[in-house]
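query.cif follows; it contains mmCIF, C-alpha atoms.
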data_input
#
loop_
_atom_site.label_atom_id
_atom_site.label_comp_id
_atom_site.auth_asym_id
_atom_site.auth_seq_id
_atom_site.Cartn_x
_atom_site.Cartn_y
_atom_site.Cartn_z
CA MET A 857 114.68 96.50 130.67
CA THR A 858 115.53 96.79 126.99
CA GLY A 859 114.83 99.92 124.98
CA ARG A 860 114.89 100.35 121.22
CA ASN A 861 118.20 102.23 121.46
CA ASP A 862 120.02 99.43 123.27
CA ALA A 863 118.21 96.34 121.92
CA PRO A 864 120.31 93.95 119.83
CA ALA A 865 119.91 95.04 116.19
CA TYR A 866 120.23 92.91 113.04
CA TRP A 867 119.85 93.37 109.31
CA GLN A 868 118.12 90.48 107.59
CA VAL A 869 116.12 90.25 104.33
CA ASP A 870 115.99 94.04 103.74
CA ILE A 871 114.69 94.68 107.29
CA LEU A 872 116.16 96.16 110.49
CA TRP A 873 115.18 93.90 113.42
CA LEU A 874 115.46 95.06 117.05
CA ILE A 875 115.11 92.27 119.61
CA LEU A 876 113.23 93.99 122.45
CA ALA A 877 112.43 90.80 124.40
CA HIS A 878 114.34 87.58 123.71
CA GLY A 879 112.98 84.23 124.88
CA ALA A 880 115.97 83.98 127.22
CA GLN A 881 114.58 87.05 129.05
CA THR A 882 110.98 85.78 129.21
CA GLY A 883 111.50 82.16 130.19
CA GLY A 884 110.64 81.19 126.62
CA ILE A 885 107.07 82.44 126.98
CA TYR A 886 107.28 85.10 124.26
CA SER A 887 109.58 87.27 122.17
CA LEU A 888 109.06 90.80 120.91
CA MET A 889 110.85 92.48 118.04
CA GLU A 890 110.56 95.83 116.33
CA GLU A 891 110.95 95.77 112.55
CA PHE A 892 111.73 98.67 110.21
CA CYS A 893 110.78 97.59 106.68
CA PRO A 894 111.02 99.13 103.21
CA ARG A 895 108.25 99.15 100.58
CA GLY A 896 107.59 95.70 99.10
CA SER A 897 109.33 93.80 101.88
CA GLY A 898 107.80 90.92 103.77
CA PRO A 899 107.94 87.13 103.66
CA PRO A 900 106.28 84.84 101.16
CA SER A 901 103.64 82.36 102.39
CA HIS A 902 104.71 80.38 105.45
CA THR A 903 103.54 79.04 108.82
CA HIS A 904 104.87 79.23 112.38
CA ALA A 905 104.74 76.85 115.31
CA GLN A 906 104.08 79.99 117.39
CA ASP A 907 101.16 82.38 117.59
CA GLU A 908 102.24 85.64 115.97
CA ALA A 909 100.97 89.19 116.37
CA PHE A 910 101.78 92.54 114.77
CA TYR A 911 101.17 96.06 116.01
CA LEU A 912 101.72 98.59 113.23
CA LEU A 913 103.48 101.72 114.54
CA GLU A 914 103.95 103.48 111.17
CA GLY A 915 103.02 102.80 107.56
CA GLU A 916 100.64 100.48 105.73
CA ILE A 917 100.88 96.71 105.26
CA THR A 918 98.73 94.15 103.46
CA PHE A 919 98.49 90.86 105.37
CA ARG A 920 97.27 87.58 103.96
CA ALA A 921 96.21 85.03 106.62
CA GLY A 922 94.46 81.89 105.46
CA ASP A 923 91.79 83.10 103.02
CA ALA A 924 91.62 86.63 104.49
CA THR A 925 93.36 89.73 103.13
CA LEU A 926 93.75 92.55 105.65
CA GLN A 927 94.81 96.15 104.99
CA ALA A 928 96.53 97.44 108.14
CA LYS A 929 97.66 100.96 108.99
CA ALA A 930 99.37 102.61 111.95
CA GLY A 931 97.52 101.72 115.15
CA ASP A 932 96.17 98.37 113.87
CA PHE A 933 96.80 95.06 115.62
CA VAL A 934 96.85 91.80 113.62
CA THR A 935 97.01 88.28 115.09
CA ILE A 936 98.01 85.12 113.23
CA PRO A 937 97.24 81.83 115.03
CA ARG A 938 99.99 79.20 114.89
CA GLY A 939 99.81 76.95 111.85
CA THR A 940 98.03 79.57 109.70
CA VAL A 941 99.52 80.12 106.24
CA HIS A 942 100.29 83.82 106.00
CA SER A 943 102.44 86.52 104.42
CA PHE A 944 102.63 90.28 104.35
CA ARG A 945 103.76 93.09 102.07
CA VAL A 946 104.72 96.65 103.03
CA ASP A 947 102.67 99.04 100.88
CA SER A 948 103.95 102.39 102.20
CA GLU A 949 107.45 103.78 101.60
CA THR A 950 108.49 102.24 104.94
CA ALA A 951 106.72 100.62 107.88
CA ARG A 952 107.65 100.15 111.51
CA LEU A 953 105.95 97.42 113.52
CA LEU A 954 106.11 95.37 116.68
CA ASN A 955 106.23 91.62 116.02
CA PHE A 956 105.30 89.25 118.87
CA TYR A 957 105.72 85.44 119.04
CA ALA A 958 104.36 83.07 121.68
CA PRO A 959 106.10 80.93 122.64
CA ALA A 960 109.49 82.46 121.92
CA GLY A 961 111.91 80.92 119.46
CA PHE A 962 111.62 82.69 116.13
CA GLU A 963 113.96 85.47 117.30
CA GLU A 964 116.76 82.89 117.17
CA SER A 965 116.46 82.86 113.36
CA VAL A 966 117.13 86.62 113.28
CA VAL A 967 120.25 86.15 115.41
CA ALA A 968 121.45 83.16 113.37
CA LEU A 969 120.69 84.53 109.90
CA GLY A 970 121.06 88.26 110.39
CA THR A 971 124.05 90.55 110.24
CA PRO A 972 124.63 92.76 113.29
CA ALA A 973 123.38 96.20 112.21
CA ALA A 974 126.06 98.88 111.98
CA THR A 975 123.34 101.54 112.29
CA ARG A 976 119.66 101.53 113.22
CA THR A 977 118.60 102.13 109.65
CA LEU A 978 117.43 99.93 106.79
CA PRO A 979 120.16 97.58 105.60
CA PRO A 980 122.30 98.57 102.64
CA PRO A 981 120.76 97.34 99.35
CA GLY A 982 121.91 93.91 98.22
CA LEU A 983 123.19 92.76 101.62
CA PRO A 984 124.03 89.08 101.04
CA MET A 985 122.58 86.21 103.04
CA THR A 986 124.95 84.83 105.67
CA LYS A 987 124.07 81.14 105.17
CA SER A 988 123.46 78.77 102.29
CA PRO A 989 119.85 78.07 101.23
CA GLU A 990 120.00 74.66 102.95
CA GLU A 991 121.37 76.13 106.20
CA THR A 992 118.78 78.92 106.07
CA LEU A 993 115.90 76.47 105.71
CA ALA A 994 117.23 74.29 108.55
CA ILE A 995 117.51 77.30 110.88
CA LEU A 996 114.02 78.56 110.00
CA ARG A 997 112.52 75.11 110.61
CA ARG A 998 114.37 74.78 113.94
CA CYS A 999 112.91 78.17 114.97
CA GLY A 1000 109.33 77.16 114.10
CA MET A 1001 108.90 78.55 110.57
CA ALA A 1002 107.95 76.39 107.61
CA PRO A 1003 107.59 77.55 104.00
CA SER A 1004 104.20 76.99 102.41
CA GLU A 1005 103.71 75.39 99.01
CA GLU A 1006 100.69 77.67 98.51
CA PRO A 1007 101.28 80.49 96.04
CA ASP A 1008 101.84 83.89 97.63
CA ALA A 1009 98.79 85.93 96.62
CA LEU A 1010 100.59 89.14 97.62
CA ARG A 1011 103.44 88.54 95.20
CA ALA A 1012 101.94 87.07 92.06
CA GLU A 1013 104.80 88.63 90.10
CA GLY A 1014 107.30 86.48 92.05
CA LYS A 1015 109.37 89.29 93.56
CA GLY A 1016 109.18 88.36 97.25
CA ARG A 1017 111.86 86.75 99.36
CA SER A 1018 111.85 82.97 99.39
CA ALA A 1019 111.08 81.46 102.81
CA ARG A 1020 113.29 78.56 101.78
CA THR A 1021 116.39 80.48 100.74
CA GLY A 1022 115.94 84.10 101.82
CA ARG A 1023 116.81 85.11 98.25
CA ARG A 1024 114.58 87.14 95.96
CA GLU A 1025 112.19 84.95 93.97
CA GLY A 1026 112.08 85.64 90.26
CA ALA A 1027 115.62 87.04 90.33
CA GLY A 1028 118.33 85.57 88.12
#
Produce structure tokens that represent the structure in this file.
Amino acid sequence: MTGRNDAPAYWQVDILWLILAHGAQTGGIYSLMEEFCPRGSGPPSHTHAQDEAFYLLEGEITFRAGDATLQAKAGDFVTIPRGTVHSFRVDSETARLLNFYAPAGFEESVVALGTPAATRTLPPPGLPMTKSPEETLAILRRCGMAPSEEPDALRAEGKGRSARTGRREGAG
């Protein structure tokens, strides 16, 4: 059994990730993570080789999946079928959510790209990426994530994180 207080914790792309169920614990069938996210956070458009689901514990998030835009609030459950171009953006001050992948595998990108969290809080501002843009992209691809060439409708101003590099888009 893994609880939120003893789950492995990582800081990556402005988010605290808690790995509640790693693929190594589930025979590779699924993984489950809890995320604590600040306003404006979330990935730009991308796809996964896995089915993905979100259960929003606290806050409000706008999801974009295919041609649909969904406004989710605490208590809402959102599913994203594998291969669907999607992104999300936290609209409230913070949001806390459960993030499920089937089969497992994406959690390996959090371990490989994240920094072990010193506290179970949001990461310090400006925490640098641990890998080069090329290494980051290779790890994400190996873990089933692929950036999309489609524009991110949730970040028309270009201020999201790049799925290719993990760095802020539109930043100098």
Practice item. Between A:Ala974, A:Val941, A:Val966, A:Ala877, single out the one closest to Glu1005 in chain A, counting only C-alpha atoms. Key: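 When distances to Glu1005 in chain A are compared using only C-alpha atoms, the smallest one comes from A:Val941.
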Practice item. Carefully work through the PyMOL selection byres ((chain A and resi 930) around 8) for this structure and note down the residues it includes, as a list in words. Key: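 For this structure, the PyMOL selection byres ((chain A and resi 930) around 8) resolves to Tyr911, Leu912, Leu913, Glu914, Gly915, Glu916, Ala928, Lys929, Gly931 and Asp932 of chain A.
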What would the file look like if the residues just selected were written as an mmCIF file, keeping the file's coordinate frame with C-alpha atoms?
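So the final result, stored in result_31.cif, reads:
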data_model
loop_
_atom_site.group_PDB
_atom_site.id
_atom_site.type_symbol
_atom_site.label_atom_id
_atom_site.label_comp_id
_atom_site.auth_asym_id
_atom_site.auth_seq_id
_atom_site.Cartn_x
_atom_site.Cartn_y
_atom_site.Cartn_z
ATOM 1 C CA TYR A 911 101.170 96.060 116.010
ATOM 2 C CA LEU A 912 101.720 98.590 113.230
ATOM 3 C CA LEU A 913 103.480 101.720 114.540
ATOM 4 C CA GLU A 914 103.950 103.480 111.170
ATOM 5 C CA GLY A 915 103.020 102.800 107.560
ATOM 6 C CA GLU A 916 100.640 100.480 105.730
ATOM 7 C CA ALA A 928 96.530 97.440 108.140
ATOM 8 C CA LYS A 929 97.660 100.960 108.990
ATOM 9 C CA GLY A 931 97.520 101.720 115.150
ATOM 10 C CA ASP A 932 96.170 98.370 113.870
#
Point to revise | Selection result of the PyMOL selection byres ((chain A and resi 1003) around 10) on this file, as an MDAnalysis selection string | key: chainID A and resid 899:904 941:942 993 996:997 1001:1002 1004:1006 1018:1021
Check your understanding: Which value, in Å to one decimal, gives the distance between CA of Arg938 in chain A and CA of Arg998 in chain A?
Key -> 15.1 Å
Check your understanding: Separation of CA of Gly961 in chain A and CA of Ile875 in chain A, in Å?
Key ->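 Calculated distance between CA of Gly961 in chain A and CA of Ile875 in chain A is 11.8 Å.
CA of Phe910 in chain A sits 16.6 Å away from CA of Arg860 in chain A.
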Review point. Applied to this file, what does the PyMOL selection byres ((chain A and resi 934) around 6) return in terms of residues, put as a ChimeraX atom specification?
Key: /A:909-910,933,935
Check your understanding: Which residue, A:Leu1010, A:Ile917, A:Ala863, A:Val869, has the smallest gap to Met985 in chain A when you use all atoms listed in the file?
Key -> A:Val869
Point to revise | Shortest interatomic distance to Phe962 in chain A - which of A:Val946, A:Leu983, A:Cys999, A:Ile885, counting all atoms listed in the file | key: A:Cys999
